[in-house]
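Student: Here it is: the structure, laid out below.
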Amino acid sequence: MSSPTESHQPVIQPRSHFNNWISAIGGVIAVGSLFSFALLAWMDLTGSHQNPYLGIFTYIVAPGFLITGLVLVFFGAWAQRRWAIKHAATMPDKWRLDFHDPLQRRNIILFVSGAVGFLLLSAFGSYQTFHYAESNLFCGQACHTAMNPEYQTYQRGAHARVGCVECHVGSGAAAFVQAKLNGTRQLYGFILDNYNRPIPAPVHNLRPAQDTCEKCHWPEKFLGNLDMTYEHFLSDRKNSAYTVRMLMRVNDGRPGSPLNGIHWHVSKDQTVEYYAADEKRQDIVWMRVTHKKDGEVKIFRNETFKGEPPAELVRKMDCIDCHNRPAHVFPTANDSVERAMALGHISLELPNVKRQAVNAMIQESITTAEEAPGKIAEYLKSKYKTAAPEALAKTIAAVQEIYATTMFPERKADWRQYPNNIGHKDWPGCFRCHDDKHSTATGEKVKASDCTSCHIILAQGKGDDLTTLTARGLEFKHPGGEYDAELRCADCHNGGIQGK
């Protein structure tokens, strides 16, 4: 029989090893991250825009914190057990939470208050993260430092008020999954610093124009012709101005009528398909035109392509095939300098300033953006040693600004890497197909467009030449002399000064 003293001894229940401060901190982190994950996932799945970059926070960052919290929970239990075994006779409860201790009770109250505050901040932070991930600032700067050239060009483009996700992220389950995977791949590429330089174009998984462009630009509302004016300067000592004003024949019909003019290529009455032999879609070797009303099909091949194109690489022509830089135009050095001359930012007092400004920008010795301002200034000062200081200083500042916003040597990104298919001056553009070299089996050709097929020159030249408009159109006069009719514009023009 046990003694009375032994029968009244309290039974001490062993304390859980999870009862410690380290596990408690891990538990708070785990609960907060789990709450953030649930909130972000709900916003992501029910939001109007499926943003893949929000998925990075939702499915990578939040679970990462959750795992960290759980690791701390189990690490605390392991550490407490290990301490209890080693110090069983002295102080086994080093990190345990003891509600009987007044000092610990006060600390626990402070800890609980902090935990509640942490959960509230997690909710607020998750909500702000959702909106921040939707912003253009996040797409262009925060995560996508690699996309700085695209962000710079986007900011001054015609679609600067259209959100990045409006064009780059699709809707529906398939697009949602693809966007998540693509966003994750981009994140890893940025972290590992193994992404392509320059960023390749075109983007082959870009959404169809019907899902993006036509949300605002309705084919049924396409208007008629556009009056365009192009201001140029010759590469001579006098910096002679030469202006061309023309009527662009975008669509000869009235709104709602069948498309004509340039927009004939996307008319509902026919389908235009093509196959390009290169990644940048500049070498179009095969085309198929299907007339929907009578079912007539015409296939055109150039002189070098004899076979059949891979079916998966045949592309239906849409807006992006001509408007291939709708939001990220990299202007040529030549065009940027001419615009600055027209605005008065570059002094016309300096002889041959167009040529020298462009040559200053395309120096091969410039390899980083940091050294560009100094080398540009050094080059222009060497060419204009006797020029007026004020005119030279203004010109140097303008050329430096142009370089900073249009050329990105670290990313190897400028106009030379990104052809613009609108027009045909510096790249083949329209003449990728309309070159008089594509024909059917019966000999019918896609004729090379003359100057009146897509535009009517209303006035050209300078001074009094621009005061009288001619509705019938003028014959194009090449500034600086005659040109070889067998050559395309892009055979000589390359965005710089010298020919190719």
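Every chain in the structure tokens has a letter given in the order shown (A, B, ...), and although residue numbers restart at 1 in each chain, ligands are simply numbered from 1 in the order shown.
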Residues of range 226-343 of chain A classed as strand (DSSP E or B) by DSSP on the backbone are to be reported as an MDAnalysis selection string.

Tutor: chainID A and resid 226:233 241:248 270:276 284:291 297:301 315:316

Student: Find the distance between CA of Met407 in chain A and CA of Gly157 in chain A and write it in Å to one decimal.

Tutor: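 Separation between CA of Met407 in chain A and CA of Gly157 in chain A: 15.5 Å.
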
Student: Could you check the closest approach to Arg432 in chain A for each of A:Lys280, A:Lys354, A:Lys385, A:Lys86 and tell me which residue wins, using only C-alpha atoms?

Tutor: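 For Arg432 in chain A, the nearest of the candidates is A:Lys280.
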
Student: Excluding Ile366 in chain A and residues on its chain fewer than 5 positions from it, collect all residues at most 10 Å away from it, counting only C-alpha atoms, and give them as a ChimeraX atom specification.

Tutor: /A:360-361,371-376,409

Student: Please dump the current selection as an mmCIF file, in the first residue's frame; keep C-alpha atoms.

Tutor:
```
data_model
loop_
_atom_site.group_PDB
_atom_site.id
_atom_site.type_symbol
_atom_site.label_atom_id
_atom_site.label_comp_id
_atom_site.auth_asym_id
_atom_site.auth_seq_id
_atom_site.Cartn_x
_atom_site.Cartn_y
_atom_site.Cartn_z
ATOM 1 C CA ALA A 360 27.743 59.940 -82.146
ATOM 2 C CA MET A 361 24.945 57.605 -81.018
ATOM 3 C CA GLU A 371 29.651 55.744 -70.583
ATOM 4 C CA ALA A 372 27.356 56.906 -73.391
ATOM 5 C CA PRO A 373 26.908 60.566 -72.280
ATOM 6 C CA GLY A 374 30.658 61.138 -72.010
ATOM 7 C CA LYS A 375 31.501 59.526 -75.335
ATOM 8 C CA ILE A 376 28.691 61.337 -77.124
ATOM 9 C CA PRO A 409 23.524 48.616 -74.816
#
```

Student: Of the candidates A:Ala24, A:Ala38, A:Gln155, A:Ile457, which one gets nearest to Phe111 in chain A if we count only C-alpha atoms?

Tutor: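 Among A:Ala24, A:Ala38, A:Gln155, A:Ile457, it is A:Ala24 that comes nearest to Phe111 in chain A.
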
Student: To one decimal in Å, tell me the separation between CA of Leu343 in chain A and CA of Ala490 in chain A.

Tutor: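 Between CA of Leu343 in chain A and CA of Ala490 in chain A the gap is 26.0 Å.
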
Student: Taking only C-alpha atoms into account, name the residue in A:Phe233, A:Ser267, A:Lys316, A:Thr452 that is nearest to Ile346 in chain A.

Tutor: A:Phe233

Student: Quick one: pull the distance between CA of Glu444 in chain A and CA of Glu279 in chain A, Å, one decimal.

Tutor: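 Result for CA of Glu444 in chain A versus CA of Glu279 in chain A: 27.6 Å, one decimal.
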
Student: I'd like the neighbourhood of Val244 in chain A as a PDB file with C-alpha atoms, in the first residue's frame, where a residue qualifies if any of its atoms comes within 7 Å (using only C-alpha atoms), though same-chain residues fewer than 4 positions away should be ignored.

Tutor:
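Produced file result.pdb, reproduced below:
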```
ATOM      1  CA  THR A 229       3.058  64.675 -92.452  1.00  0.00           C
ATOM      2  CA  TYR A 230       6.692  63.517 -92.267  1.00  0.00           C
ATOM      3  CA  GLU A 231       9.413  66.056 -91.559  1.00  0.00           C
ATOM      4  CA  ALA A 459       2.756  67.952-101.101  1.00  0.00           C
ATOM      5  CA  GLN A 460       6.507  67.513-100.813  1.00  0.00           C
ATOM      6  CA  GLY A 461       9.595  69.660-100.543  1.00  0.00           C
TER       7      GLY A 461
END
```

Student: Neighbours of range 387-397 of chain A within 9 Å (only C-alpha atoms; same-chain residues fewer than 4 positions away dropped), as a list in words?

Tutor: His345, Ile346, Ser347, Leu348, Glu349, Leu350, Val353, Ala357, Pro373, Ile376, Ala377, Leu380, Lys381, Glu401 and Ile402 of chain A

Student: Would you kindly return, as a short mmCIF file (atom, residue, chain, number, x, y, z; two decimals) with C-alpha atoms, in the first residue's frame, each protein, DNA or RNA residue with an atom no farther than 8 Å from any atom of Phe476 in chain A, considering only C-alpha atoms and excluding same-chain residues fewer than 2 positions away?

Tutor:
```cif
data_model
loop_
_atom_site.label_atom_id
_atom_site.label_comp_id
_atom_site.auth_asym_id
_atom_site.auth_seq_id
_atom_site.Cartn_x
_atom_site.Cartn_y
_atom_site.Cartn_z
CA CYS A 451 3.67 55.10 -104.40
CA ILE A 457 1.45 62.43 -101.94
CA LEU A 474 2.31 63.98 -106.91
CA HIS A 478 13.51 61.26 -103.85
#
```

Student: Of the candidates A:Cys216, A:Ala146, A:Ala342, A:Val112, which one gets nearest to Arg197 in chain A if we count only C-alpha atoms?

Tutor: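 That would be A:Ala146, the residue with the smallest distance to Arg197 in chain A.
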
Student: Write out as number ranges by chain the set of residues from range 244-368 of chain A that DSSP, computed on the backbone, places in helix (DSSP H, G or I).

Tutor: A: 261-266, 311-313, 319-322, 333-343, 353-361

Student: Find the residue from A:Asp278, A:Asp465, A:Asp227, A:Glu273 that sits nearest to Met317 in chain A; use only C-alpha atoms when measuring.

Tutor: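 Comparing A:Asp278, A:Asp465, A:Asp227, A:Glu273 against Met317 in chain A, the winner is A:Glu273.
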
Student: Could you check which of A:Thr243, A:Ala471, A:Ile320, A:Asn20 is closest to Leu206 in chain A, using only C-alpha atoms?

Tutor: A:Ile320
